[in-house]
file query_3.cif (mmCIF, C-alpha atoms and all ligand atoms)
data_target
#
loop_
_atom_site.label_atom_id
_atom_site.label_comp_id
_atom_site.auth_asym_id
_atom_site.auth_seq_id
_atom_site.Cartn_x
_atom_site.Cartn_y
_atom_site.Cartn_z
CA MET D 1 26.82 -8.42 -10.84
CA GLU D 2 23.93 -7.83 -8.44
CA ALA D 3 21.39 -5.21 -9.48
CA GLY D 4 22.19 -3.10 -6.42
CA CYS D 5 25.87 -2.71 -7.41
CA LYS D 6 25.12 -0.72 -10.53
CA ILE D 7 23.55 2.38 -9.11
CA GLU D 8 24.60 3.90 -5.85
CA GLU D 9 22.19 5.34 -3.31
CA GLN D 10 21.47 8.82 -4.62
CA PRO D 11 19.78 11.95 -3.39
CA CYS D 12 16.11 11.02 -3.29
CA ASP D 13 14.91 13.62 -5.79
CA LEU D 14 16.87 11.75 -8.46
CA ALA D 15 16.17 8.27 -7.18
CA MET D 16 12.85 7.64 -8.90
CA ASP D 17 13.95 8.74 -12.37
CA SER D 18 17.27 6.91 -12.17
CA LEU D 19 15.52 3.81 -10.94
CA ILE D 20 13.02 3.86 -13.82
CA ALA D 21 15.80 4.44 -16.35
CA TYR D 22 17.80 1.62 -14.79
CA VAL D 23 14.89 -0.82 -15.03
CA ALA D 24 14.13 0.15 -18.66
CA GLU D 25 17.79 -0.08 -19.78
CA ASN D 26 18.39 -3.41 -18.16
CA ASN D 27 15.21 -4.97 -19.49
CA ALA D 28 14.87 -3.56 -22.97
CA GLN D 29 13.55 -6.87 -24.34
CA LYS D 30 10.94 -7.29 -21.55
CA LYS D 31 9.79 -3.67 -21.93
CA ILE D 32 9.31 -3.00 -18.22
CA LYS D 33 8.35 0.64 -18.44
CA PRO D 34 5.87 2.82 -16.58
CA VAL D 35 2.57 3.36 -18.37
CA TYR D 36 2.20 6.72 -16.59
CA LYS D 37 5.00 9.03 -15.55
CA THR D 38 5.18 12.54 -14.09
CA VAL D 39 7.93 14.21 -12.07
CA GLU D 40 6.52 12.70 -8.88
CA THR D 41 4.67 9.56 -9.93
CA ALA D 42 5.26 6.41 -11.98
CA LEU D 43 2.76 3.60 -12.54
CA TYR D 44 3.61 0.14 -13.89
CA ASN D 45 0.86 -2.09 -15.30
CA ASP D 46 2.59 -5.39 -14.56
CA ASP D 47 3.06 -8.16 -12.05
CA CYS D 48 4.80 -6.67 -9.01
CA LEU D 49 7.22 -9.61 -8.79
CA ASP D 50 8.44 -8.94 -12.34
CA VAL D 51 8.85 -5.22 -11.77
CA MET D 52 10.40 -5.35 -8.30
CA SER D 53 12.87 -8.04 -9.38
CA GLN D 54 14.42 -5.41 -11.68
CA PHE D 55 14.87 -2.77 -8.98
CA PRO D 56 18.31 -2.24 -7.42
CA ASN D 57 18.97 -3.06 -3.78
CA ASN D 58 18.44 -0.58 -0.94
CA HIS D 59 16.58 2.09 -2.85
CA VAL D 60 13.08 2.68 -1.48
CA ASP D 61 12.20 4.64 1.68
CA MET D 62 8.75 3.27 2.42
CA ILE D 63 6.52 0.52 1.05
CA PHE D 64 2.80 0.32 1.61
CA ALA D 65 1.41 -3.04 0.51
CA ASP D 66 -2.22 -4.11 0.51
CA PRO D 67 -1.85 -7.60 -0.98
CA PRO D 68 -4.70 -9.91 -2.01
CA TYR D 69 -6.71 -10.99 1.02
CA ASN D 70 -7.33 -14.45 -0.51
CA LEU D 71 -10.92 -14.33 0.68
CA SER D 72 -12.87 -14.42 -2.58
CA ASN D 73 -13.99 -18.00 -2.34
CA GLY D 74 -17.76 -17.90 -2.76
CA GLY D 75 -18.81 -16.27 0.52
CA VAL D 76 -21.36 -13.48 1.01
CA THR D 77 -21.27 -10.09 2.67
CA CYS D 78 -23.58 -7.14 3.25
CA GLN D 79 -23.49 -4.04 1.04
CA ALA D 80 -25.98 -1.18 1.42
CA GLY D 81 -28.21 -3.53 3.40
CA LYS D 82 -28.17 -6.25 0.71
CA MET D 83 -26.55 -9.67 0.67
CA VAL D 84 -23.90 -9.70 -2.09
CA SER D 85 -21.13 -12.05 -3.19
CA VAL D 86 -17.80 -11.41 -1.49
CA ASN D 87 -15.89 -12.09 -4.73
CA LYS D 88 -13.54 -9.20 -5.41
CA GLY D 89 -11.86 -10.65 -8.49
CA LYS D 90 -9.71 -13.53 -9.71
CA TRP D 91 -6.68 -11.86 -8.09
CA ASP D 92 -8.23 -12.34 -4.65
CA GLU D 93 -8.91 -16.09 -4.84
CA SER D 94 -6.92 -18.31 -2.50
CA LYS D 95 -4.66 -20.88 -4.17
CA GLY D 96 -4.44 -22.86 -0.96
CA PHE D 97 -2.45 -22.23 2.20
CA GLU D 98 0.99 -23.24 0.91
CA GLU D 99 0.79 -21.39 -2.41
CA ASP D 100 -0.58 -18.23 -0.77
CA LEU D 101 2.25 -18.35 1.79
CA GLU D 102 4.83 -18.86 -0.97
CA PHE D 103 3.50 -15.79 -2.82
CA HIS D 104 3.69 -13.65 0.33
CA GLU D 105 7.26 -14.81 0.92
CA LYS D 106 8.26 -13.91 -2.66
CA TRP D 107 6.93 -10.37 -2.68
CA ILE D 108 7.97 -9.55 0.89
CA SER D 109 11.52 -10.81 0.12
CA GLU D 110 11.70 -8.47 -2.87
CA CYS D 111 10.44 -5.61 -0.71
CA ARG D 112 13.17 -6.36 1.83
CA ARG D 113 15.87 -6.34 -0.85
CA ILE D 114 14.83 -3.01 -2.38
CA LEU D 115 14.12 -1.14 0.88
CA LYS D 116 16.86 1.09 2.27
CA PRO D 117 18.24 -0.16 5.61
CA SER D 118 16.33 2.66 7.30
CA GLY D 119 13.22 1.87 5.23
CA THR D 120 9.90 0.68 6.60
CA ILE D 121 7.10 -1.46 5.22
CA TRP D 122 3.39 -1.35 5.97
CA ILE D 123 1.24 -4.39 5.20
CA SER D 124 -2.51 -4.33 5.54
CA GLY D 125 -4.83 -7.29 5.71
CA THR D 126 -7.60 -9.21 7.39
CA ASN D 127 -7.38 -12.48 9.29
CA HIS D 128 -7.29 -14.27 5.90
CA SER D 129 -3.84 -12.92 5.04
CA ILE D 130 -2.27 -10.91 7.84
CA TYR D 131 -0.95 -13.82 9.93
CA GLN D 132 0.89 -15.27 6.94
CA CYS D 133 2.39 -11.85 6.17
CA GLY D 134 3.37 -11.33 9.82
CA TYR D 135 5.02 -14.76 9.92
CA ILE D 136 7.04 -13.95 6.79
CA LEU D 137 8.10 -10.55 8.17
CA GLN D 138 9.47 -12.30 11.25
CA LYS D 139 11.05 -15.10 9.22
CA LEU D 140 12.87 -12.52 7.08
CA ASN D 141 14.19 -10.63 10.12
CA PHE D 142 12.11 -7.51 9.86
CA HIS D 143 11.65 -5.68 13.13
CA ILE D 144 7.95 -5.11 13.80
CA LEU D 145 7.32 -1.55 15.01
CA ASN D 146 3.55 -1.64 15.47
CA ASP D 147 0.45 -3.56 14.59
CA ILE D 148 -2.23 -0.97 13.99
CA SER D 149 -5.88 -1.83 14.27
CA TRP D 150 -7.85 0.15 11.70
CA PHE D 151 -11.32 0.27 13.26
CA LYS D 152 -14.17 0.93 10.79
CA PRO D 153 -16.95 2.65 12.73
CA ASN D 154 -19.31 2.16 9.76
CA ALA D 155 -18.45 -1.50 9.01
CA ALA D 156 -21.16 -3.64 7.40
CA PRO D 157 -23.23 -5.81 9.77
CA ASN D 158 -22.73 -9.56 9.93
CA LEU D 159 -25.80 -10.94 8.13
CA ALA D 160 -25.40 -14.54 9.27
CA CYS D 161 -25.31 -13.45 12.94
CA THR D 162 -22.96 -16.35 13.69
CA THR D 163 -19.83 -14.32 14.56
CA PHE D 164 -18.92 -10.84 15.77
CA ALA D 165 -19.26 -8.26 12.98
CA HIS D 166 -15.91 -7.83 11.27
CA SER D 167 -15.05 -4.18 11.88
CA HIS D 168 -11.29 -3.81 11.69
CA GLU D 169 -8.27 -4.57 9.55
CA THR D 170 -4.70 -4.92 10.77
CA LEU D 171 -1.74 -2.93 9.51
CA LEU D 172 1.71 -4.22 10.32
CA TRP D 173 4.49 -1.63 10.34
CA ALA D 174 8.03 -3.01 10.29
CA LYS D 175 11.55 -1.87 9.57
CA LYS D 176 14.23 -3.63 7.64
CA ASP D 177 17.10 -3.14 10.05
CA LYS D 178 16.40 -2.94 13.77
CA LYS D 179 19.48 -0.77 14.36
CA ALA D 180 18.86 1.79 11.58
CA LYS D 181 17.02 5.02 12.38
CA HIS D 182 13.63 5.00 10.72
CA ILE D 183 11.29 7.92 9.99
CA PHE D 184 8.49 8.50 12.49
CA ASN D 185 6.93 11.95 12.55
CA TYR D 186 5.86 11.72 16.17
CA GLU D 187 4.80 15.36 16.62
CA LYS D 188 2.68 15.38 13.46
CA MET D 189 0.85 12.31 14.74
CA LYS D 190 0.43 13.72 18.25
CA SER D 191 -0.63 17.26 17.37
CA GLY D 192 -2.12 16.92 13.87
CA ILE D 193 -5.83 17.31 13.17
CA PHE D 194 -7.65 14.03 12.56
CA ARG D 195 -11.31 15.04 12.30
CA GLU D 196 -12.38 11.66 10.92
CA ASP D 197 -11.07 9.82 14.00
CA LYS D 198 -13.43 9.95 17.00
CA MET D 199 -10.89 8.09 19.14
CA LYS D 200 -7.92 10.46 18.68
CA VAL D 201 -7.60 12.83 21.62
CA PRO D 202 -6.17 16.21 20.49
CA ASP D 203 -2.53 16.76 21.52
CA LYS D 204 -2.20 13.30 23.02
CA GLN D 205 -0.02 10.56 21.56
CA MET D 206 -1.40 8.74 18.53
CA ARG D 207 -2.33 5.26 19.69
CA SER D 208 -2.37 2.02 17.74
CA VAL D 209 -6.16 1.89 17.22
CA TRP D 210 -7.27 4.24 14.45
CA SER D 211 -10.95 4.90 13.90
CA ILE D 212 -11.44 5.81 10.24
CA PRO D 213 -14.65 5.29 8.21
CA THR D 214 -14.52 3.30 4.96
CA PRO D 215 -14.11 5.44 1.78
CA SER D 216 -16.83 8.03 1.25
CA PRO D 217 -18.72 8.34 -2.09
CA ASP D 218 -16.48 11.39 -2.90
CA GLU D 219 -13.52 9.03 -3.02
CA LYS D 220 -15.28 6.86 -5.60
CA VAL D 221 -16.39 9.47 -8.14
CA PHE D 222 -14.07 8.08 -10.83
CA GLY D 223 -15.09 4.46 -10.24
CA LYS D 224 -14.76 1.82 -7.55
CA HIS D 225 -12.07 -0.55 -6.50
CA PRO D 226 -13.52 -3.46 -4.47
CA THR D 227 -11.00 -3.09 -1.62
CA GLN D 228 -10.25 0.62 -1.81
CA LYS D 229 -8.66 2.03 1.34
CA PRO D 230 -9.78 5.40 2.76
CA LEU D 231 -7.60 8.34 1.79
CA ALA D 232 -7.44 9.41 5.47
CA LEU D 233 -5.81 6.05 6.33
CA LEU D 234 -3.12 6.30 3.64
CA THR D 235 -2.50 9.99 4.29
CA ARG D 236 -1.83 9.19 7.94
CA ILE D 237 0.56 6.42 6.96
CA VAL D 238 2.44 8.57 4.44
CA VAL D 239 2.70 11.59 6.77
CA SER D 240 3.82 9.49 9.74
CA SER D 241 6.53 7.47 8.05
CA THR D 242 7.96 9.53 5.17
CA ASN D 243 9.55 12.95 4.70
CA ASP D 244 10.01 15.37 1.82
CA SER D 245 11.65 13.54 -1.14
CA SER D 246 10.94 10.08 0.25
CA LEU D 247 10.44 7.42 -2.41
CA ILE D 248 7.27 5.42 -1.72
CA LEU D 249 6.33 2.15 -3.43
CA ASP D 250 2.99 0.34 -3.50
CA PRO D 251 3.32 -3.07 -5.21
CA PHE D 252 -0.48 -3.60 -5.11
CA ASN D 253 -1.55 -0.13 -6.23
CA GLY D 254 -5.26 -0.99 -6.73
CA GLY D 255 -7.16 2.27 -7.27
CA GLY D 256 -4.08 4.31 -6.32
CA THR D 257 -4.98 5.50 -2.82
CA THR D 258 -1.30 5.49 -1.78
CA GLY D 259 -0.31 7.58 -4.80
CA VAL D 260 -3.04 10.12 -4.11
CA ALA D 261 -2.01 10.30 -0.43
CA ALA D 262 1.64 10.83 -1.46
CA LYS D 263 0.53 13.67 -3.69
CA ILE D 264 -1.58 15.25 -0.94
CA ALA D 265 1.29 14.98 1.57
CA GLY D 266 3.45 16.75 -1.04
CA ASN D 267 7.09 16.50 -2.17
CA ARG D 268 7.11 12.69 -2.21
CA LYS D 269 7.91 10.37 -5.11
CA TYR D 270 5.52 7.51 -5.73
CA ILE D 271 5.79 4.27 -7.72
CA GLY D 272 2.68 2.11 -8.02
CA ILE D 273 2.49 -1.37 -9.56
CA GLU D 274 -0.86 -2.89 -10.53
CA ILE D 275 -1.62 -5.95 -12.63
CA GLU D 276 -5.14 -4.93 -13.74
CA LYS D 277 -5.33 -2.21 -16.38
CA GLU D 278 -8.75 -0.96 -15.25
CA TYR D 279 -7.29 0.00 -11.86
CA ILE D 280 -4.33 1.76 -13.47
CA ASP D 281 -6.85 3.77 -15.53
CA LEU D 282 -8.79 4.59 -12.35
CA THR D 283 -5.58 5.75 -10.64
CA ILE D 284 -4.64 7.97 -13.57
CA LYS D 285 -8.04 9.67 -13.46
CA LYS D 286 -7.61 10.42 -9.75
CA LEU D 287 -4.05 11.67 -10.15
CA ASN D 288 -4.97 13.88 -13.09
CA LYS D 289 -7.80 15.38 -11.08
CA ILE D 290 -5.53 16.19 -8.17
CA ASN D 291 -2.87 17.56 -10.54
CA ASN D 292 -5.39 19.98 -12.00
CA GLU D 293 -7.36 20.88 -8.90
CA PRO D 294 -5.33 20.00 -5.83
CA LYS D 295 -7.64 21.83 -3.43
CA LEU D 296 -10.72 19.81 -4.35
CA LEU D 297 -9.50 16.52 -2.84
C1 LIG Q 1 -6.24 -5.24 -1.92
S1 LIG Q 1 -6.10 -4.51 -3.50
C2 LIG Q 1 -5.30 -2.94 -3.21
C3 LIG Q 1 -6.26 -1.80 -3.00
C4 LIG Q 1 -5.58 -0.46 -2.82
N1 LIG Q 1 -4.86 -0.40 -1.58
C5 LIG Q 1 -6.56 0.70 -2.91
O1 LIG Q 1 -6.72 1.45 -1.93
O2 LIG Q 1 -7.20 0.85 -3.95
C6 LIG Q 1 -4.86 -5.46 -4.26
C7 LIG Q 1 -4.57 -5.09 -5.70
O3 LIG Q 1 -3.41 -5.83 -6.10
C8 LIG Q 1 -3.54 -6.20 -7.46
N2 LIG Q 1 -2.66 -7.37 -7.65
C9 LIG Q 1 -2.89 -8.65 -7.29
N3 LIG Q 1 -1.82 -9.43 -7.58
C10 LIG Q 1 -0.88 -8.59 -8.12
C11 LIG Q 1 0.43 -8.78 -8.59
N4 LIG Q 1 1.01 -9.99 -8.58
N5 LIG Q 1 1.12 -7.71 -9.07
C12 LIG Q 1 0.53 -6.46 -9.10
N6 LIG Q 1 -0.73 -6.24 -8.67
C13 LIG Q 1 -1.42 -7.28 -8.17
C14 LIG Q 1 -5.03 -6.48 -7.64
O4 LIG Q 1 -5.43 -6.32 -8.99
C15 LIG Q 1 -5.65 -5.43 -6.70
O5 LIG Q 1 -6.02 -4.27 -7.42
#
call {"tool": "encode", "arguments": {"input": "query_3.cif", "output": "structure tokens", "more": "lines below"}}
Ligand SMILES: C[S@@+](CC[C@H](N)C(=O)[O-])C[C@H]1O[C@@H](n2cnc3c(N)ncnc32)[C@H](O)[C@@H]1O
result
Amino acid sequence: MEAGCKIEEQPCDLAMDSLIAYVAENNAQKKIKPVYKTVETALYNDDCLDVMSQFPNNHVDMIFADPPYNLSNGGVTCQAGKMVSVNKGKWDESKGFEEDLEFHEKWISECRRILKPSGTIWISGTNHSIYQCGYILQKLNFHILNDISWFKPNAAPNLACTTFAHSHETLLWAKKDKKAKHIFNYEKMKSGIFREDKMKVPDKQMRSVWSIPTPSPDEKVFGKHPTQKPLALLTRIVVSSTNDSSLILDPFNGGGTTGVAAKIAGNRKYIGIEIEKEYIDLTIKKLNKINNEPKLL
């Protein structure tokens, strides 16, 4: 029997707990269990392919995925005016074009299977990864809703002076089923307050270029993740494409920006999967802080 046949679609406030129980029951010997669990949040310290393969079909409302960029191959970049190695960790090394593409196809296929028909997926990346991910989205029949350009007004300069300074990342937003009605909180995007974004004109439609600075030191007080996304970026994504009780999944949790944004947006459920324990620990510190002092973040 397929995983999706065993539990029906349920009211969303039950969906996260039933999903976790389902995964644990069906995989007692593999011990796929969250290492952190509250009413709203669950974190798995595992490979996302292993965890997602145990989820039932059609269960998640929104996925934000920030997969490896595959750019840590001995290059250099500029940090605080100094030339530093671009290596972000073993997880970010390219295994070659074909193997990288195969990995993207595997995890995006799992995302497609576990998303609800009305569900949407966001994928962020640079030129190293985003074209492969976009190709796979199209191959798997996703319907692309937008490609957002996240402009970084404070991007690092290009030290070699041989190309334009890299100052944006691309976010693809796609839905599983072209005919299903997806969530888009149009008014909140049009009329919300986005102080960090010098390009957003108040009370005019939100456009597809978002100007958001890279994470401030305040967002790194508990430690750094080498590719941490700004909280303002993830909050905008969560608020625009989810509602109260939506179940959000991030298969590449990193330092937990998506989970923190889900918590700030309020009344969402969040599941994060991260292979490196140090980044799970970092996420827990941030979530505990926001649990205790929600107004400080
Ligand atoms: C680009 S970073 C995500 C950063 C995150 N968006 C943030 O704001 O902190 C990708 C993360 O995916 C993790 N990762 C890589 N391969 C993974 C896998 N197969 N399963 C789960 N996590 C993985 C890496 O350890 C890394 O922390």
call {"tool": "closest_atom_pairs", "arguments": {"input": "query_3.cif", "of": "stretch 221-296 of chain D", "to": "stretch 162-181 of chain D", "cutoff": "12 Å", "atoms": "only C-alpha atoms", "output": "tab-separated table"}}
result
residue	atom	partner	partner_atom	distance
D:Thr227	CA	D:Glu169	CA	11.6
D:Lys229	CA	D:Glu169	CA	10.5
D:Leu233	CA	D:Leu171	CA	10.4
D:Leu234	CA	D:Leu171	CA	11.0
D:Ile237	CA	D:Trp173	CA	9.6
D:Val238	CA	D:Trp173	CA	12.0
D:Ser240	CA	D:Trp173	CA	11.2
D:Ser241	CA	D:Trp173	CA	9.6
call {"tool": "atom_distance", "arguments": {"input": "query_3.cif", "atom1": "atom CA of D:Ala261", "atom2": "atom CA of D:Leu43"}}
result
14.6 Å
call {"tool": "atom_distance", "arguments": {"input": "query_3.cif", "atom1": "atom CA of D:Thr120", "atom2": "atom CA of D:Cys48"}}
result
18.0 Å
call {"tool": "residues_around", "arguments": {"input": "query_3.cif", "residues": "stretch 264-280 of chain D", "least_positions_apart": "4", "cutoff": "6 Å", "atoms": "only C-alpha atoms", "output": "list of chain:residue names"}}
result
D:Glu40, D:Thr41, D:Ala42, D:Leu43, D:Tyr44, D:Asn45, D:Asp46, D:Asp47, D:Cys48, D:Asp244, D:Ser245, D:Ser246, D:Leu247, D:Ile248, D:Leu249, D:Asp250, D:Pro251, D:Phe252, D:Asn253, D:Gly254, D:Gly255, D:Gly259
call {"tool": "closest_residue", "arguments": {"input": "query_3.cif", "among": "D:Lys88, D:Lys289, D:Lys95, D:Lys188", "to": "ligand LIG 1 (chain Q)", "atoms": "only C-alpha atoms and all ligand atoms"}}
result
D:Lys88
call {"tool": "atom_distance", "arguments": {"input": "query_3.cif", "atom1": "atom C1 of ligand LIG 1 (chain Q)", "atom2": "atom CA of D:Thr38"}}
result
24.4 Å
call {"tool": "closest_residue", "arguments": {"input": "query_3.cif", "among": "D:Ser124, D:Gln54, D:Asn288, D:Ser208", "to": "ligand LIG 1 (chain Q)", "atoms": "all atoms listed in the file"}}
result
D:Ser124
call {"tool": "closest_residue", "arguments": {"input": "query_3.cif", "among": "D:Met83, D:Leu145, D:Ile32, D:Ile136", "to": "D:Phe184", "atoms": "all atoms listed in the file"}}
result
D:Leu145
call {"tool": "axis_aligned_box", "arguments": {"input": "query_3.cif", "around": "ligand LIG 1 (chain Q)", "padding_each_side": "6 Å", "output": "lines of an AutoDock Vina configuration file"}}
result
center_x = -3.0
center_y = -4.3
center_z = -5.3
size_x = 20.3
size_y = 23.4
size_z = 19.5
call {"tool": "closest_residue", "arguments": {"input": "query_3.cif", "among": "D:Cys161, D:Cys111, D:Leu231, D:Ile148", "to": "D:Val209", "atoms": "all atoms listed in the file"}}
result
D:Ile148
call {"tool": "closest_residue", "arguments": {"input": "query_3.cif", "among": "D:Asp17, D:Asp281, D:Asp61, D:Glu196", "to": "ligand LIG 1 (chain Q)", "atoms": "all atoms listed in the file"}}
result
D:Asp281
call {"tool": "closest_residue", "arguments": {"input": "query_3.cif", "among": "D:Ile183, D:Met206, D:Leu282, D:Ala155", "to": "ligand LIG 1 (chain Q)", "atoms": "all atoms listed in the file"}}
result
D:Leu282
call {"tool": "residues_around", "arguments": {"input": "query_3.cif", "residues": "D:Glu187", "least_positions_apart": "3", "cutoff": "9 Å", "atoms": "all atoms listed in the file", "output": "PyMOL selection string"}}
result
chain D and resi 184+190-192+203+205
call {"tool": "write_last_selection", "arguments": {"input": "query_3.cif", "atoms": "C-alpha atoms", "output": "PDB file, in the frame of the given file"}}
result
ATOM      1  CA  PHE D 184       8.490   8.500  12.490  1.00  0.00           C
ATOM      2  CA  LYS D 190       0.430  13.720  18.250  1.00  0.00           C
ATOM      3  CA  SER D 191      -0.630  17.260  17.370  1.00  0.00           C
ATOM      4  CA  GLY D 192      -2.120  16.920  13.870  1.00  0.00           C
ATOM      5  CA  ASP D 203      -2.530  16.760  21.520  1.00  0.00           C
ATOM      6  CA  GLN D 205      -0.020  10.560  21.560  1.00  0.00           C
TER       7      GLN D 205
END
call {"tool": "residues_around", "arguments": {"input": "query_3.cif", "residues": "D:Val86", "least_positions_apart": "2", "cutoff": "7 Å", "atoms": "all atoms listed in the file", "output": "ChimeraX atom specification"}}
result
/D:72,74-77,84,88
call {"tool": "decode", "arguments": {"input": "query_3.cif", "residues": "stretch 232-254 of chain D", "atoms": "N, CA and C atoms", "output": "short mmCIF file (atom, residue, chain, number, x, y, z; two decimals), in the first residue's frame"}}
result
data_model
loop_
_atom_site.label_atom_id
_atom_site.label_comp_id
_atom_site.auth_asym_id
_atom_site.auth_seq_id
_atom_site.Cartn_x
_atom_site.Cartn_y
_atom_site.Cartn_z
N ALA D 232 13.71 38.68 7.03
CA ALA D 232 12.71 39.46 6.27
C ALA D 232 12.32 38.73 4.98
N LEU D 233 13.27 38.03 4.37
CA LEU D 233 12.98 37.30 3.13
C LEU D 233 12.02 36.14 3.41
N LEU D 234 12.35 35.36 4.44
CA LEU D 234 11.51 34.18 4.76
C LEU D 234 10.16 34.60 5.32
N THR D 235 10.12 35.69 6.07
CA THR D 235 8.83 36.14 6.61
C THR D 235 7.92 36.54 5.45
N ARG D 236 8.48 37.21 4.46
CA ARG D 236 7.68 37.61 3.30
C ARG D 236 7.15 36.37 2.56
N ILE D 237 7.98 35.39 2.43
CA ILE D 237 7.57 34.16 1.73
C ILE D 237 6.46 33.44 2.50
N VAL D 238 6.65 33.32 3.81
CA VAL D 238 5.66 32.61 4.64
C VAL D 238 4.33 33.37 4.63
N VAL D 239 4.39 34.69 4.82
CA VAL D 239 3.14 35.48 4.90
C VAL D 239 2.43 35.48 3.55
N SER D 240 3.18 35.51 2.46
CA SER D 240 2.53 35.59 1.14
C SER D 240 1.88 34.28 0.73
N SER D 241 2.42 33.14 1.16
CA SER D 241 1.97 31.89 0.54
C SER D 241 1.47 30.84 1.53
N THR D 242 1.18 31.27 2.77
CA THR D 242 0.56 30.34 3.73
C THR D 242 -0.49 31.10 4.53
N ASN D 243 -1.38 30.32 5.17
CA ASN D 243 -2.40 30.90 6.04
C ASN D 243 -2.29 30.29 7.43
N ASP D 244 -3.17 30.72 8.33
CA ASP D 244 -3.24 30.09 9.65
C ASP D 244 -3.38 28.58 9.45
N SER D 245 -2.70 27.82 10.27
CA SER D 245 -2.68 26.34 10.29
C SER D 245 -1.95 25.68 9.12
N SER D 246 -1.41 26.46 8.22
CA SER D 246 -0.66 25.82 7.11
C SER D 246 0.51 25.02 7.68
N LEU D 247 0.78 23.88 7.02
CA LEU D 247 1.95 23.07 7.38
C LEU D 247 3.08 23.38 6.39
N ILE D 248 4.18 23.87 6.95
CA ILE D 248 5.33 24.32 6.14
C ILE D 248 6.48 23.34 6.36
N LEU D 249 7.17 23.00 5.28
CA LEU D 249 8.33 22.10 5.39
C LEU D 249 9.55 22.77 4.78
N ASP D 250 10.70 22.65 5.47
CA ASP D 250 11.97 23.06 4.87
C ASP D 250 12.91 21.86 4.93
N PRO D 251 13.19 21.23 3.78
CA PRO D 251 14.05 20.03 3.79
C PRO D 251 15.52 20.35 4.00
N PHE D 252 15.92 21.62 3.86
CA PHE D 252 17.31 22.04 4.07
C PHE D 252 17.30 23.17 5.09
N ASN D 253 16.90 22.82 6.29
CA ASN D 253 16.60 23.76 7.37
C ASN D 253 17.74 24.75 7.67
N GLY D 254 19.00 24.31 7.52
CA GLY D 254 20.14 25.18 7.86
C GLY D 254 20.00 25.71 9.27
#
